[in-house]
Amino acid sequence: LSPACSDTSAPWFRMSVGARSDDAASPPRSEHNMGDEASETSHSRKRMRAMMVVGVEALAGASAGAATDAVLYGIDSYKTQLQAGALKGNKIDPRKLFKGVGTVALCGSAPAFGFFFGVYEPFKHLSRTVSAA
């Protein structure tokens, strides 16, 4: 991550992770006042927090994608079978409607939505802070 992306004082970071009460009361320390070791520790903590935010966003996106597919898969299967003329006499077998939902939800939607939200949300907030500056 670049230093701009790992800035934990950014509003998006505090909104996503939550600021500690002592963070709000004390101004951020300048890296010029710290020793080399303290500066490296501070920088690695900032990077770790930024990576945690990306992980949280990715996990939220993966969960949302899998849940959406799990809920709507049967409706989509029914619509597809209806359009293809595969439903004879309006008999609906629920087992056939949800056949393959696990593969689609876990191998398709979860990684795709996880990647999307893991990348999109931090960049959305970063663009807001850059355009506000």
# chains A, B, ... in the order shown; residues from 1 in each chain; ligands from 1
>>> residues_around(residues="A:Ala105", least_positions_apart="2", cutoff="8 Å", atoms="only C-alpha atoms", output="ChimeraX atom specification")
/A:65-67,69-70,101-103,107-110
>>> residues_around(residues="A:Ala58", least_positions_apart="2", cutoff="9 Å", atoms="only C-alpha atoms", output="list in words")
Val53, Val54, Gly55, Val56, Ala60, Gly61, Ala62, Ser63, Pro111, Phe113, Gly114, Phe115, Phe116, Phe117, Gly118 and Val119 of chain A
>>> residues_around(residues="stretch 73-81 of chain A", least_positions_apart="2", cutoff="9 Å", atoms="only C-alpha atoms", output="list in words")
Thr68, Asp69, Ala70, Val71, Gln83, Ala84, Gly85, Ala86, Leu87, Ile92, Pro94, Lys96, Leu97, Phe98, Lys99, Val101, Val104 and Ala105 of chain A
>>> write_last_selection(atoms="N, CA, C and O atoms", output="mmCIF file, in the first residue's frame")
data_model
loop_
_atom_site.group_PDB
_atom_site.id
_atom_site.type_symbol
_atom_site.label_atom_id
_atom_site.label_comp_id
_atom_site.auth_asym_id
_atom_site.auth_seq_id
_atom_site.Cartn_x
_atom_site.Cartn_y
_atom_site.Cartn_z
ATOM 1 N N THR A 68 -26.909 -13.192 -1.151
ATOM 2 C CA THR A 68 -27.798 -12.806 -2.245
ATOM 3 C C THR A 68 -28.056 -13.972 -3.178
ATOM 4 O O THR A 68 -29.203 -14.236 -3.559
ATOM 5 N N ASP A 69 -27.002 -14.675 -3.544
ATOM 6 C CA ASP A 69 -27.184 -15.835 -4.426
ATOM 7 C C ASP A 69 -27.979 -16.937 -3.748
ATOM 8 O O ASP A 69 -28.815 -17.580 -4.384
ATOM 9 N N ALA A 70 -27.723 -17.172 -2.478
ATOM 10 C CA ALA A 70 -28.447 -18.234 -1.772
ATOM 11 C C ALA A 70 -29.944 -17.942 -1.725
ATOM 12 O O ALA A 70 -30.767 -18.844 -1.854
ATOM 13 N N VAL A 71 -30.299 -16.689 -1.562
ATOM 14 C CA VAL A 71 -31.713 -16.314 -1.459
ATOM 15 C C VAL A 71 -32.385 -16.276 -2.831
ATOM 16 O O VAL A 71 -33.498 -16.777 -2.995
ATOM 17 N N GLN A 83 -38.950 -19.973 -18.748
ATOM 18 C CA GLN A 83 -38.675 -19.417 -20.069
ATOM 19 C C GLN A 83 -38.258 -20.496 -21.064
ATOM 20 O O GLN A 83 -38.553 -20.394 -22.253
ATOM 21 N N ALA A 84 -37.571 -21.530 -20.566
ATOM 22 C CA ALA A 84 -37.115 -22.613 -21.447
ATOM 23 C C ALA A 84 -38.212 -23.634 -21.718
ATOM 24 O O ALA A 84 -38.044 -24.522 -22.543
ATOM 25 N N GLY A 85 -39.312 -23.543 -21.006
ATOM 26 C CA GLY A 85 -40.409 -24.482 -21.171
ATOM 27 C C GLY A 85 -40.144 -25.819 -20.500
ATOM 28 O O GLY A 85 -40.744 -26.830 -20.865
ATOM 29 N N ALA A 86 -39.261 -25.855 -19.527
ATOM 30 C CA ALA A 86 -38.889 -27.096 -18.854
ATOM 31 C C ALA A 86 -39.888 -27.487 -17.771
ATOM 32 O O ALA A 86 -39.871 -28.623 -17.309
ATOM 33 N N LEU A 87 -40.753 -26.589 -17.354
ATOM 34 C CA LEU A 87 -41.736 -26.901 -16.313
ATOM 35 C C LEU A 87 -42.987 -27.472 -16.979
ATOM 36 O O LEU A 87 -43.680 -26.782 -17.715
ATOM 37 N N ILE A 92 -43.300 -27.901 -9.548
ATOM 38 C CA ILE A 92 -42.038 -27.307 -9.125
ATOM 39 C C ILE A 92 -41.377 -28.247 -8.117
ATOM 40 O O ILE A 92 -41.966 -28.581 -7.087
ATOM 41 N N PRO A 94 -38.515 -28.240 -5.535
ATOM 42 C CA PRO A 94 -37.569 -27.325 -4.886
ATOM 43 C C PRO A 94 -36.126 -27.820 -4.906
ATOM 44 O O PRO A 94 -35.192 -27.030 -4.929
ATOM 45 N N LYS A 96 -34.645 -29.282 -7.338
ATOM 46 C CA LYS A 96 -34.061 -28.918 -8.625
ATOM 47 C C LYS A 96 -33.828 -27.415 -8.737
ATOM 48 O O LYS A 96 -32.918 -26.975 -9.425
ATOM 49 N N LEU A 97 -34.663 -26.631 -8.077
ATOM 50 C CA LEU A 97 -34.500 -25.180 -8.144
ATOM 51 C C LEU A 97 -33.213 -24.725 -7.487
ATOM 52 O O LEU A 97 -32.584 -23.754 -7.917
ATOM 53 N N PHE A 98 -32.801 -25.381 -6.410
ATOM 54 C CA PHE A 98 -31.611 -24.967 -5.680
ATOM 55 C C PHE A 98 -30.405 -25.852 -5.961
ATOM 56 O O PHE A 98 -29.412 -25.791 -5.248
ATOM 57 N N LYS A 99 -30.465 -26.677 -6.998
ATOM 58 C CA LYS A 99 -29.352 -27.549 -7.354
ATOM 59 C C LYS A 99 -28.196 -26.687 -7.881
ATOM 60 O O LYS A 99 -28.350 -25.946 -8.850
ATOM 61 N N VAL A 101 -26.564 -24.340 -6.008
ATOM 62 C CA VAL A 101 -26.477 -23.019 -5.370
ATOM 63 C C VAL A 101 -25.180 -22.851 -4.586
ATOM 64 O O VAL A 101 -24.595 -21.769 -4.571
ATOM 65 N N VAL A 104 -22.249 -21.947 -7.009
ATOM 66 C CA VAL A 104 -22.376 -20.582 -7.537
ATOM 67 C C VAL A 104 -22.101 -19.551 -6.450
ATOM 68 O O VAL A 104 -21.369 -18.582 -6.664
ATOM 69 N N ALA A 105 -22.676 -19.764 -5.272
ATOM 70 C CA ALA A 105 -22.533 -18.776 -4.196
ATOM 71 C C ALA A 105 -21.108 -18.736 -3.647
ATOM 72 O O ALA A 105 -20.554 -17.657 -3.441
#
>>> atom_distance(atom1="atom CA of A:Ala132", atom2="atom CA of A:Lys46")
21.5 Å
>>> select_by_dssp(residues="stretch 31-94 of chain A", states="helix (DSSP H, G or I)", output="count of residues only")
53
>>> decode(residues="stretch 92-105 of chain A", atoms="all heavy atoms", output="PDB file, in the first residue's frame")
ATOM      1  N   ILE A  92     -43.300 -27.901  -9.548  1.00  0.00           N
ATOM      2  CA  ILE A  92     -42.038 -27.307  -9.125  1.00  0.00           C
ATOM      3  C   ILE A  92     -41.377 -28.247  -8.117  1.00  0.00           C
ATOM      4  O   ILE A  92     -41.966 -28.581  -7.087  1.00  0.00           O
ATOM      5  CB  ILE A  92     -42.261 -25.926  -8.478  1.00  0.00           C
ATOM      6  CG1 ILE A  92     -42.943 -24.989  -9.466  1.00  0.00           C
ATOM      7  CG2 ILE A  92     -40.949 -25.345  -8.000  1.00  0.00           C
ATOM      8  CD1 ILE A  92     -43.398 -23.691  -8.851  1.00  0.00           C
ATOM      9  N   ASP A  93     -40.177 -28.663  -8.404  1.00  0.00           N
ATOM     10  CA  ASP A  93     -39.399 -29.479  -7.478  1.00  0.00           C
ATOM     11  C   ASP A  93     -38.349 -28.571  -6.829  1.00  0.00           C
ATOM     12  O   ASP A  93     -37.389 -28.155  -7.493  1.00  0.00           O
ATOM     13  CB  ASP A  93     -38.723 -30.630  -8.216  1.00  0.00           C
ATOM     14  CG  ASP A  93     -38.031 -31.598  -7.272  1.00  0.00           C
ATOM     15  OD1 ASP A  93     -38.202 -31.461  -6.042  1.00  0.00           O
ATOM     16  OD2 ASP A  93     -37.324 -32.498  -7.786  1.00  0.00           O
ATOM     17  N   PRO A  94     -38.515 -28.240  -5.535  1.00  0.00           N
ATOM     18  CA  PRO A  94     -37.569 -27.325  -4.886  1.00  0.00           C
ATOM     19  C   PRO A  94     -36.126 -27.820  -4.906  1.00  0.00           C
ATOM     20  O   PRO A  94     -35.192 -27.030  -4.929  1.00  0.00           O
ATOM     21  CB  PRO A  94     -38.083 -27.222  -3.454  1.00  0.00           C
ATOM     22  CG  PRO A  94     -39.490 -27.681  -3.497  1.00  0.00           C
ATOM     23  CD  PRO A  94     -39.604 -28.613  -4.654  1.00  0.00           C
ATOM     24  N   ARG A  95     -35.944 -29.136  -4.910  1.00  0.00           N
ATOM     25  CA  ARG A  95     -34.577 -29.666  -4.946  1.00  0.00           C
ATOM     26  C   ARG A  95     -33.886 -29.293  -6.252  1.00  0.00           C
ATOM     27  O   ARG A  95     -32.689 -29.023  -6.279  1.00  0.00           O
ATOM     28  CB  ARG A  95     -34.582 -31.176  -4.762  1.00  0.00           C
ATOM     29  CG  ARG A  95     -34.998 -31.590  -3.353  1.00  0.00           C
ATOM     30  CD  ARG A  95     -35.090 -33.070  -3.246  1.00  0.00           C
ATOM     31  NE  ARG A  95     -36.241 -33.480  -4.086  1.00  0.00           N
ATOM     32  CZ  ARG A  95     -36.552 -34.714  -4.375  1.00  0.00           C
ATOM     33  NH1 ARG A  95     -35.809 -35.702  -3.936  1.00  0.00           N
ATOM     34  NH2 ARG A  95     -37.601 -34.985  -5.120  1.00  0.00           N
ATOM     35  N   LYS A  96     -34.645 -29.282  -7.338  1.00  0.00           N
ATOM     36  CA  LYS A  96     -34.061 -28.918  -8.625  1.00  0.00           C
ATOM     37  C   LYS A  96     -33.828 -27.415  -8.737  1.00  0.00           C
ATOM     38  O   LYS A  96     -32.918 -26.975  -9.425  1.00  0.00           O
ATOM     39  CB  LYS A  96     -34.954 -29.389  -9.776  1.00  0.00           C
ATOM     40  CG  LYS A  96     -34.912 -30.874  -9.993  1.00  0.00           C
ATOM     41  CD  LYS A  96     -35.701 -31.255 -11.213  1.00  0.00           C
ATOM     42  CE  LYS A  96     -35.644 -32.761 -11.440  1.00  0.00           C
ATOM     43  NZ  LYS A  96     -36.431 -33.146 -12.619  1.00  0.00           N
ATOM     44  N   LEU A  97     -34.663 -26.631  -8.077  1.00  0.00           N
ATOM     45  CA  LEU A  97     -34.500 -25.180  -8.144  1.00  0.00           C
ATOM     46  C   LEU A  97     -33.213 -24.725  -7.487  1.00  0.00           C
ATOM     47  O   LEU A  97     -32.584 -23.754  -7.917  1.00  0.00           O
ATOM     48  CB  LEU A  97     -35.690 -24.473  -7.495  1.00  0.00           C
ATOM     49  CG  LEU A  97     -37.011 -24.537  -8.247  1.00  0.00           C
ATOM     50  CD1 LEU A  97     -38.081 -23.785  -7.470  1.00  0.00           C
ATOM     51  CD2 LEU A  97     -36.877 -23.975  -9.640  1.00  0.00           C
ATOM     52  N   PHE A  98     -32.801 -25.381  -6.410  1.00  0.00           N
ATOM     53  CA  PHE A  98     -31.611 -24.967  -5.680  1.00  0.00           C
ATOM     54  C   PHE A  98     -30.405 -25.852  -5.961  1.00  0.00           C
ATOM     55  O   PHE A  98     -29.412 -25.791  -5.248  1.00  0.00           O
ATOM     56  CB  PHE A  98     -31.904 -24.912  -4.178  1.00  0.00           C
ATOM     57  CG  PHE A  98     -32.738 -23.733  -3.801  1.00  0.00           C
ATOM     58  CD1 PHE A  98     -34.111 -23.845  -3.689  1.00  0.00           C
ATOM     59  CD2 PHE A  98     -32.163 -22.493  -3.597  1.00  0.00           C
ATOM     60  CE1 PHE A  98     -34.893 -22.751  -3.354  1.00  0.00           C
ATOM     61  CE2 PHE A  98     -32.929 -21.397  -3.268  1.00  0.00           C
ATOM     62  CZ  PHE A  98     -34.297 -21.523  -3.146  1.00  0.00           C
ATOM     63  N   LYS A  99     -30.465 -26.677  -6.998  1.00  0.00           N
ATOM     64  CA  LYS A  99     -29.352 -27.549  -7.354  1.00  0.00           C
ATOM     65  C   LYS A  99     -28.196 -26.687  -7.881  1.00  0.00           C
ATOM     66  O   LYS A  99     -28.350 -25.946  -8.850  1.00  0.00           O
ATOM     67  CB  LYS A  99     -29.784 -28.557  -8.419  1.00  0.00           C
ATOM     68  CG  LYS A  99     -28.725 -29.558  -8.747  1.00  0.00           C
ATOM     69  CD  LYS A  99     -29.253 -30.579  -9.739  1.00  0.00           C
ATOM     70  CE  LYS A  99     -28.187 -31.608 -10.049  1.00  0.00           C
ATOM     71  NZ  LYS A  99     -28.666 -32.575 -11.024  1.00  0.00           N
ATOM     72  N   GLY A 100     -27.048 -26.766  -7.230  1.00  0.00           N
ATOM     73  CA  GLY A 100     -25.867 -26.013  -7.640  1.00  0.00           C
ATOM     74  C   GLY A 100     -25.704 -24.668  -6.963  1.00  0.00           C
ATOM     75  O   GLY A 100     -24.779 -23.930  -7.283  1.00  0.00           O
ATOM     76  N   VAL A 101     -26.564 -24.340  -6.008  1.00  0.00           N
ATOM     77  CA  VAL A 101     -26.477 -23.019  -5.370  1.00  0.00           C
ATOM     78  C   VAL A 101     -25.180 -22.851  -4.586  1.00  0.00           C
ATOM     79  O   VAL A 101     -24.595 -21.769  -4.571  1.00  0.00           O
ATOM     80  CB  VAL A 101     -27.710 -22.739  -4.472  1.00  0.00           C
ATOM     81  CG1 VAL A 101     -27.742 -23.640  -3.261  1.00  0.00           C
ATOM     82  CG2 VAL A 101     -27.744 -21.281  -4.046  1.00  0.00           C
ATOM     83  N   GLY A 102     -24.701 -23.909  -3.969  1.00  0.00           N
ATOM     84  CA  GLY A 102     -23.465 -23.796  -3.187  1.00  0.00           C
ATOM     85  C   GLY A 102     -22.267 -23.452  -4.048  1.00  0.00           C
ATOM     86  O   GLY A 102     -21.432 -22.614  -3.675  1.00  0.00           O
ATOM     87  N   THR A 103     -22.175 -24.087  -5.192  1.00  0.00           N
ATOM     88  CA  THR A 103     -21.053 -23.824  -6.098  1.00  0.00           C
ATOM     89  C   THR A 103     -21.092 -22.393  -6.605  1.00  0.00           C
ATOM     90  O   THR A 103     -20.073 -21.705  -6.618  1.00  0.00           O
ATOM     91  CB  THR A 103     -21.100 -24.796  -7.288  1.00  0.00           C
ATOM     92  OG1 THR A 103     -21.121 -26.127  -6.793  1.00  0.00           O
ATOM     93  CG2 THR A 103     -19.919 -24.602  -8.206  1.00  0.00           C
ATOM     94  N   VAL A 104     -22.249 -21.947  -7.009  1.00  0.00           N
ATOM     95  CA  VAL A 104     -22.376 -20.582  -7.537  1.00  0.00           C
ATOM     96  C   VAL A 104     -22.101 -19.551  -6.450  1.00  0.00           C
ATOM     97  O   VAL A 104     -21.369 -18.582  -6.664  1.00  0.00           O
ATOM     98  CB  VAL A 104     -23.776 -20.371  -8.158  1.00  0.00           C
ATOM     99  CG1 VAL A 104     -24.007 -18.910  -8.502  1.00  0.00           C
ATOM    100  CG2 VAL A 104     -23.945 -21.241  -9.376  1.00  0.00           C
ATOM    101  N   ALA A 105     -22.676 -19.764  -5.272  1.00  0.00           N
ATOM    102  CA  ALA A 105     -22.533 -18.776  -4.196  1.00  0.00           C
ATOM    103  C   ALA A 105     -21.108 -18.736  -3.647  1.00  0.00           C
ATOM    104  O   ALA A 105     -20.554 -17.657  -3.441  1.00  0.00           O
ATOM    105  CB  ALA A 105     -23.515 -19.077  -3.074  1.00  0.00           C
TER     106      ALA A 105
END
